[in-house]
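Student: Contents of entry_32.txt (compact mmCIF, C-alpha atoms and all ligand atoms):
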# COMPACT_ATOMS: atom_id res chain seq x y z
CA MET D 755 115.52 87.35 132.83
CA ALA D 756 112.80 85.59 130.80
CA VAL D 757 109.53 87.36 130.08
CA ASP D 758 106.53 86.08 132.05
CA ARG D 759 104.10 85.58 129.14
CA GLU D 760 101.06 84.89 131.31
CA ARG D 761 101.68 88.10 133.20
CA SER D 762 102.34 90.13 130.04
CA VAL D 763 98.73 89.76 128.85
CA VAL D 764 96.87 90.57 132.07
CA PHE D 765 96.43 94.22 131.05
CA GLY D 766 93.84 93.49 128.37
CA GLU D 767 91.40 92.23 130.99
CA ALA D 768 91.42 95.70 132.53
CA VAL D 769 91.26 98.07 129.56
CA GLY D 770 88.81 100.53 131.15
CA LEU D 771 90.65 100.64 134.46
CA TYR D 772 93.96 100.96 132.70
CA GLU D 773 92.78 103.90 130.65
CA SER D 774 91.20 105.77 133.57
CA ALA D 775 93.65 105.04 136.39
CA ARG D 776 97.13 104.85 134.88
CA PRO D 777 99.06 108.12 134.53
CA GLY D 778 100.10 109.38 131.10
CA TYR D 779 103.46 110.80 130.09
CA PRO D 780 104.72 114.38 130.33
CA ASP D 781 104.37 116.53 127.18
CA ARG D 782 107.99 117.59 127.58
CA LEU D 783 109.09 113.99 127.15
CA VAL D 784 107.26 113.77 123.82
CA THR D 785 108.83 116.99 122.52
CA ASP D 786 112.27 115.87 123.78
CA VAL D 787 111.96 112.51 121.98
CA LEU D 788 110.78 114.17 118.77
CA GLY D 789 113.61 116.71 119.05
CA TYR D 790 116.16 113.89 119.38
CA ALA D 791 114.77 111.72 116.55
CA PRO D 792 115.27 112.49 112.87
CA ALA D 793 112.10 113.29 110.92
CA GLY D 794 110.20 110.28 109.58
CA PRO D 795 107.83 107.47 110.47
CA ALA D 796 107.69 106.17 114.05
CA LEU D 797 107.01 102.71 115.49
CA GLU D 798 105.63 102.01 118.97
CA ALA D 799 106.10 98.65 120.72
CA GLY D 800 103.36 97.63 123.19
CA ALA D 801 101.08 100.62 122.70
CA GLY D 802 98.31 99.39 125.02
CA THR D 803 95.32 101.73 125.06
CA GLY D 804 97.43 104.51 123.56
CA LYS D 805 98.46 106.53 126.59
CA ALA D 806 101.72 107.52 124.88
CA THR D 807 100.42 107.06 121.33
CA ALA D 808 97.87 109.87 121.59
CA ALA D 809 100.56 112.32 122.69
CA PHE D 810 102.85 111.42 119.76
CA ALA D 811 99.97 111.35 117.27
CA ALA D 812 98.98 114.88 118.38
CA HIS D 813 102.31 116.05 116.93
CA GLY D 814 101.34 114.69 113.52
CA VAL D 815 103.77 111.77 113.67
CA ASP D 816 103.22 109.02 111.07
CA LEU D 817 102.76 106.20 113.55
CA THR D 818 102.60 102.39 113.46
CA CYS D 819 101.77 100.64 116.74
CA VAL D 820 102.33 97.01 117.64
CA GLU D 821 100.09 95.65 120.39
CA PRO D 822 99.37 91.96 121.05
CA ASP D 823 96.19 92.28 123.08
CA ALA D 824 93.13 92.66 120.83
CA ARG D 825 91.13 94.45 123.55
CA MET D 826 93.87 96.99 124.13
CA ALA D 827 94.31 97.37 120.37
CA ALA D 828 90.58 98.09 119.90
CA ALA D 829 90.72 100.84 122.54
CA LEU D 830 93.84 102.20 120.87
CA SER D 831 92.26 102.32 117.41
CA ALA D 832 89.18 104.07 118.80
CA LYS D 833 91.31 106.66 120.57
CA CYS D 834 93.85 107.23 117.78
CA PRO D 835 92.03 106.60 114.48
CA GLY D 836 94.87 107.95 112.32
CA VAL D 837 97.39 105.43 113.61
CA ARG D 838 98.20 102.04 112.00
CA VAL D 839 97.71 99.25 114.55
CA GLU D 840 99.33 95.85 114.07
CA ILE D 841 97.95 93.20 116.42
CA GLY D 842 100.70 90.85 117.59
CA ILE D 843 103.82 90.70 119.69
CA PHE D 844 106.72 92.90 118.71
CA GLU D 845 108.89 89.81 118.20
CA ASP D 846 106.65 88.79 115.27
CA TYR D 847 106.37 92.21 113.66
CA VAL D 848 108.22 92.59 110.37
CA PRO D 849 108.99 96.25 109.69
CA ASP D 850 107.75 97.37 106.28
CA ARG D 851 110.05 100.42 106.16
CA PRO D 852 113.01 101.86 108.07
CA PHE D 853 111.72 103.84 111.06
CA ALA D 854 113.16 107.16 112.21
CA LEU D 855 111.96 106.44 115.72
CA LEU D 856 111.13 103.35 117.74
CA TYR D 857 109.69 104.04 121.17
CA SER D 858 108.14 101.96 123.89
CA ALA D 859 106.25 103.24 126.92
CA GLN D 860 106.22 100.90 129.90
CA ALA D 861 106.40 97.87 127.61
CA TRP D 862 109.95 97.13 126.41
CA HIS D 863 110.53 94.72 129.31
CA TRP D 864 107.80 92.46 127.87
CA VAL D 865 109.73 91.96 124.62
CA ASP D 866 112.03 88.90 124.55
CA PRO D 867 115.33 90.01 126.15
CA GLU D 868 117.30 87.73 123.84
CA ARG D 869 115.93 89.46 120.75
CA ARG D 870 114.81 92.96 121.68
CA TRP D 871 118.04 94.82 120.76
CA ASP D 872 118.35 93.02 117.41
CA LEU D 873 114.71 93.83 116.68
CA ALA D 874 115.23 97.50 117.57
CA HIS D 875 118.33 97.73 115.40
CA ALA D 876 116.55 96.07 112.47
CA ALA D 877 113.53 98.35 112.70
CA LEU D 878 115.51 101.61 112.75
CA ALA D 879 116.90 103.62 109.85
CA PRO D 880 120.59 104.60 110.18
CA SER D 881 120.71 107.32 112.91
CA GLY D 882 117.12 106.45 113.83
CA ALA D 883 116.24 106.98 117.49
CA LEU D 884 115.31 104.47 120.15
CA ALA D 885 113.32 105.92 123.08
CA LEU D 886 112.41 103.68 126.02
CA PHE D 887 110.56 105.03 129.00
CA TRP D 888 108.89 103.82 132.14
CA ASN D 889 106.82 105.57 134.78
CA HIS D 890 107.78 104.82 138.34
CA TYR D 891 104.94 105.43 140.74
CA LEU D 892 105.24 105.54 144.45
CA VAL D 893 102.99 106.65 147.26
CA THR D 894 104.79 109.82 148.36
CA ASP D 895 104.50 109.35 152.16
CA PRO D 896 107.11 106.74 153.22
CA GLY D 897 105.19 105.75 156.38
CA LEU D 898 101.97 105.06 154.50
CA ARG D 899 103.96 103.32 151.76
CA ALA D 900 105.50 100.92 154.30
CA ALA D 901 102.07 100.13 155.75
CA LEU D 902 100.66 99.45 152.26
CA ALA D 903 103.69 97.30 151.38
CA GLU D 904 103.06 95.24 154.49
CA VAL D 905 99.54 94.48 153.19
CA ASP D 906 101.06 93.42 149.85
CA HIS D 907 103.48 91.16 151.64
CA ARG D 908 100.80 89.45 153.72
CA HIS D 909 98.70 88.78 150.63
CA GLY D 910 101.59 87.35 148.62
CA VAL D 911 101.92 90.32 146.25
CA SER D 912 105.53 90.07 145.19
CA SER D 913 106.43 93.41 143.70
CA SER D 914 103.73 96.06 143.76
CA SER D 915 105.51 99.00 142.18
CA LEU D 916 103.27 101.45 144.04
CA HIS D 917 104.49 100.56 147.49
CA GLN D 918 108.16 99.73 147.13
CA GLU D 919 111.07 100.78 145.01
CA THR D 920 111.25 98.49 141.99
CA PRO D 921 114.27 97.75 139.79
CA ILE D 922 114.98 100.67 137.51
CA ARG D 923 114.42 99.15 134.10
CA ASN D 924 116.24 102.03 132.41
CA GLU D 925 119.47 101.09 134.19
CA GLU D 926 119.51 97.71 132.51
CA ALA D 927 118.63 99.22 129.12
CA GLN D 928 121.39 101.82 129.43
CA HIS D 929 123.93 99.25 130.51
CA LEU D 930 123.16 97.01 127.54
CA LEU D 931 122.98 99.86 125.04
CA ALA D 932 126.29 101.28 126.28
CA GLY D 933 127.97 97.94 125.53
CA ASP D 934 126.39 97.51 122.11
CA PRO D 935 128.36 99.17 119.29
CA ARG D 936 125.25 99.21 117.10
CA PHE D 937 123.87 102.05 119.23
CA THR D 938 125.33 105.45 120.03
CA ASP D 939 124.51 108.89 121.54
CA LEU D 940 123.10 107.40 124.75
CA ASP D 941 121.16 109.86 126.89
CA GLU D 942 118.84 109.75 129.90
CA ARG D 943 116.21 112.26 131.06
CA LEU D 944 113.99 112.26 134.13
CA TYR D 945 110.62 113.95 134.54
CA SER D 946 108.86 113.98 137.89
CA TRP D 947 105.56 115.23 139.18
CA THR D 948 103.05 114.59 141.94
CA GLN D 949 99.35 113.93 141.59
CA TRP D 950 96.53 113.44 144.08
CA TYR D 951 94.60 110.18 143.68
CA ASP D 952 91.30 109.87 145.51
CA ALA D 953 90.85 106.49 147.20
CA ASP D 954 88.69 104.95 144.44
CA ARG D 955 91.03 105.93 141.63
CA TYR D 956 93.97 104.72 143.67
CA LEU D 957 92.36 101.30 144.15
CA ASP D 958 91.64 101.21 140.41
CA LEU D 959 95.32 101.93 139.83
CA VAL D 960 96.23 99.01 142.10
CA ARG D 961 93.83 96.80 140.11
CA THR D 962 95.88 97.54 136.95
CA ILE D 963 99.16 96.39 138.52
CA SER D 964 100.10 92.95 137.19
CA ALA D 965 101.34 91.76 140.63
CA TYR D 966 97.74 92.26 141.86
CA ARG D 967 96.03 91.01 138.72
CA ILE D 968 97.74 87.64 138.92
CA LEU D 969 96.54 86.93 142.48
CA PRO D 970 94.35 83.81 142.61
CA PRO D 971 90.57 84.39 142.38
CA GLY D 972 89.13 85.72 145.64
CA ARG D 973 92.52 86.98 146.90
CA GLN D 974 92.52 90.41 145.26
CA GLU D 975 89.45 92.00 146.90
CA PRO D 976 90.44 91.23 150.53
CA ALA D 977 93.85 92.76 149.88
CA LEU D 978 92.25 95.84 148.30
CA ARG D 979 89.93 96.24 151.30
CA GLU D 980 92.93 96.29 153.61
CA LEU D 981 94.69 98.86 151.45
CA ALA D 982 91.52 100.98 151.39
CA ALA D 983 91.34 100.94 155.20
CA LEU D 984 94.75 102.65 155.33
CA LEU D 985 94.05 105.31 152.73
CA GLY D 986 91.52 107.77 154.09
CA ASP D 987 90.26 110.11 151.31
CA GLY D 988 93.13 109.45 149.01
CA VAL D 989 96.84 109.60 148.54
CA GLU D 990 99.51 111.76 146.94
CA MET D 991 101.49 109.87 144.31
CA THR D 992 104.96 110.74 143.06
CA PHE D 993 105.54 109.84 139.43
CA VAL D 994 108.92 109.77 137.77
CA THR D 995 109.21 109.06 134.06
CA ASP D 996 112.68 107.79 133.18
CA LEU D 997 113.60 108.13 129.50
CA THR D 998 116.49 106.36 127.81
CA LEU D 999 117.53 107.59 124.36
CA ALA D 1000 119.93 106.02 121.89
CA ARG D 1001 120.56 106.15 118.18
CA ARG D 1002 121.25 103.41 115.67
CA ALA D 1003 124.89 103.92 114.82
CA PRO D 1004 125.22 104.71 111.10
CA GLY D 1005 127.00 102.05 109.09
CA THR D 1006 126.11 99.17 111.42
CA THR D 1007 124.56 95.98 110.13
CA ALA D 1008 122.55 93.24 111.80
CA GLN D 1009 124.54 90.87 114.08
C1 LIG Z 1 102.19 98.19 130.94
S1 LIG Z 1 101.36 98.10 129.40
C2 LIG Z 1 101.87 99.64 128.63
C3 LIG Z 1 100.89 100.12 127.58
C4 LIG Z 1 101.14 101.52 127.03
N1 LIG Z 1 102.38 101.59 126.30
C5 LIG Z 1 101.11 102.57 128.13
O1 LIG Z 1 102.11 103.24 128.34
O2 LIG Z 1 100.06 102.72 128.75
C6 LIG Z 1 102.33 96.90 128.54
C7 LIG Z 1 101.82 96.62 127.15
O3 LIG Z 1 102.74 95.76 126.49
C8 LIG Z 1 102.00 94.83 125.73
N2 LIG Z 1 102.88 93.68 125.46
C9 LIG Z 1 103.08 92.57 126.23
N3 LIG Z 1 103.94 91.74 125.61
C10 LIG Z 1 104.32 92.34 124.45
C11 LIG Z 1 105.18 91.97 123.37
N4 LIG Z 1 105.87 90.84 123.37
N5 LIG Z 1 105.30 92.82 122.30
C12 LIG Z 1 104.63 94.00 122.30
N6 LIG Z 1 103.81 94.40 123.31
C13 LIG Z 1 103.66 93.59 124.37
C14 LIG Z 1 100.78 94.53 126.60
O4 LIG Z 1 99.73 93.96 125.87
C15 LIG Z 1 100.47 95.93 127.13
O5 LIG Z 1 99.61 96.64 126.28
Would you write out, as C-alpha cells, the structure that this file holds?
Ligand SMILES: C[S@@+](CC[C@H](N)C(=O)[O-])C[C@H]1O[C@@H](n2cnc3c(N)ncnc32)[C@H](O)[C@@H]1O
Tutor:
Amino acid sequence: MAVDRERSVVFGEAVGLYESARPGYPDRLVTDVLGYAPAGPALEAGAGTGKATAAFAAHGVDLTCVEPDARMAAALSAKCPGVRVEIGIFEDYVPDRPFALLYSAQAWHWVDPERRWDLAHAALAPSGALALFWNHYLVTDPGLRAALAEVDHRHGVSSSSLHQETPIRNEEAQHLLAGDPRFTDLDERLYSWTQWYDADRYLDLVRTISAYRILPPGRQEPALRELAALLGDGVEMTFVTDLTLARRAPGTTAQ
C-alpha cells in the first residue's frame, strides 16, 4: 500500500500535543532491543519529538535520528541534545557508517514500502539489528469503545486507532522479513500496560491521531465534543507495544 504523504506530515502541526499526550515505550523494550543488537552506533527512522529516542539515549547509545518534519526535529534536538538529527525523509538519508541497530518507533509504515527493506539492509552492518515497534492503543471498555467508534463513523473518521482494532503493522513486517533471505533471527515481543487518561488528556491524544487531524476545517471540534460527552472524568487505556526484531544476515549483499 502506498504511503499517504499528506497524512505523514500532520504530526508536526501538533508537536506540543504529541509530546504531552502520546504514550512512550516500556523500558523493558529498550533493554531487550539493546540486548539483541550488537554494540555500536544506532539509527532511528522517524524519531518525531524523541519519545523513543530519549529512552535509547539514556543508555548511552551513539544515536543518529532521521526526521523529516523540522518542528518535530527541533523538539527532538532540544530534548536529546547529544543525538545527531538529520532532517529529511528516511528514503533520502545516506548512511555515513554501518549501523549496529536500526529502529523505528511508530514510523516505519511511513517509509516507502517499495524501498524500506532495501534501505534497512543497506544501513545495517552484517548481523546488525532491525527493531520495529508500534504502540496499539485502545479504550479498555468495549462498550465505551463502540460508542466512541460510532462518533468517529458519523464524522467520517476512517480509522481512529483508539476506538477500533487496527491492522497489526508488525504482522506485515514479520511476513515480509520472514520471506527475505537478507534478514534472519526473526523475533517478536509484546509489552502491555494500562493507563488512566483524564478527559482532557484523552482529547489531546485524539487530536494527535492522523485520522482526526486530516478532517476538514471545522469538522474536528464537533466530533471531539461528542466524544467528550461520552467520557465522563476520563478513560482507562490499554496499550500494547508490539516489537519485531530481525538481523541482517551476514554475507548478504544489496539486491
Ligand atoms: C507517529 S510519528 C512517531 C514519532 C516517534 N517515533 C514516536 O514514537 O513518538 C511518525 C513520525 O514519522 C515521521 N515520518 C513521516 N514520514 C517519514 C519518512 N518518509 N521517513 C522518516 N520519517 C517519517 C513523521 O514526521 C513523524 O515524526
Student: If you count all atoms listed in the file, which residues end up within 8 Å of ligand LIG 1 (chain Z), as a ChimeraX atom specification?
Tutor: /D:759,762-766,772-773,776-779,799-807,820-823,826-827,842-845,858-862,864-866,888
Student: I'd like to know which of D:Leu797, D:Leu771, D:Leu886, D:Leu957 is closest to Leu944 (chain D), using only C-alpha atoms.
Tutor: D:Leu886
Student: Set up a box along x, y and z of the file covering all listed atoms of region 866-873 of chain D, add 5 Å on every one of the six sides, and write the centre and edge lengths in Å to one decimal, as JSON.
Tutor:
{"center_x": 115.2, "center_y": 91.3, "center_z": 121.4, "size_x": 16.3, "size_y": 17.1, "size_z": 19.5}
Student: Pick out the residues sitting within 9 Å of Ala808 (chain D), and hand them over as a PyMOL selection string; count all atoms listed in the file, and ignore anything fewer than 4 positions along from it in its own chain.
Tutor: chain D and resi 804+812-813+830+833-834
Student: Out of D:Leu959, D:Ala876, D:Leu783, D:Ala885, which residue has the shortest atom-to-atom distance to Glu798 (chain D) when counting only C-alpha atoms?
Tutor: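 When distances to Glu798 (chain D) are compared using only C-alpha atoms, the smallest one comes from D:Ala885.
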Student: Could you state the separation of CA of Ala828 (chain D) and CA of Ala768 (chain D) in Å, given to one decimal place?
Tutor: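 We find that CA of Ala828 (chain D) and CA of Ala768 (chain D) lie 12.9 Å from each other.
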Student: Could you check the closest approach to Leu878 (chain D) for each of D:Gly814, D:Gly789, D:Pro849, D:Gly770 and tell me which residue wins, using only C-alpha atoms?
Tutor: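 The shortest atom-to-atom distance to Leu878 (chain D) comes from D:Pro849.
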Student: D:Ala877, D:Tyr891, D:Leu916, D:Glu942: which is nearest Ala965 (chain D), counting all atoms listed in the file?
Tutor: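 Nearest to Ala965 (chain D): D:Leu916.
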Student: To one decimal place in Å, what is the distance between CA of Ala953 (chain D) and CA of Gly972 (chain D)?
Tutor: 20.9 Å
Student: Within 8 Å of region 995-1007 of chain D, which residues of region 832-883 of chain D come that close, and what is the closest atom pair and distance in Å for each? Count only C-alpha atoms and give it as a Markdown table.
Tutor:
| residue | atom | partner | partner_atom | distance |
| --- | --- | --- | --- | --- |
| D:His875 | CA | D:Arg1002 | CA | 6.4 |
| D:Leu878 | CA | D:Arg1002 | CA | 6.7 |
| D:Ala879 | CA | D:Arg1002 | CA | 7.3 |
| D:Pro880 | CA | D:Pro1004 | CA | 4.7 |
| D:Ser881 | CA | D:Arg1002 | CA | 4.8 |
| D:Gly882 | CA | D:Arg1002 | CA | 5.4 |
| D:Ala883 | CA | D:Arg1001 | CA | 4.5 |
Student: Can those selected residues be exported to a file as a PDB file, in the frame of the given file so that it contains C-alpha atoms?
Tutor:
ATOM      1  CA  HIS D 875     118.330  97.730 115.400  1.00  0.00           C
ATOM      2  CA  LEU D 878     115.510 101.610 112.750  1.00  0.00           C
ATOM      3  CA  ALA D 879     116.900 103.620 109.850  1.00  0.00           C
ATOM      4  CA  PRO D 880     120.590 104.600 110.180  1.00  0.00           C
ATOM      5  CA  SER D 881     120.710 107.320 112.910  1.00  0.00           C
ATOM      6  CA  GLY D 882     117.120 106.450 113.830  1.00  0.00           C
ATOM      7  CA  ALA D 883     116.240 106.980 117.490  1.00  0.00           C
TER       8      ALA D 883
END
Student: Determine the nearest neighbour of Leu873 (chain D) from the options D:Arg923, D:Arg908, D:Arg936, D:His929, counting only C-alpha atoms.
Tutor: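 Closest residue, counting only C-alpha atoms: D:Arg936.
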Student: To one decimal place in Å, what is the distance between CA of Thr948 (chain D) and CA of Gly988 (chain D)?
Tutor: 13.2 Å
Student: For Val893 (chain D), which of D:Asp781, D:Glu919, D:Asp816, D:Glu840 is the closest residue, counting only C-alpha atoms?
Tutor: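 Selected residue with least distance to Val893 (chain D): D:Glu919.
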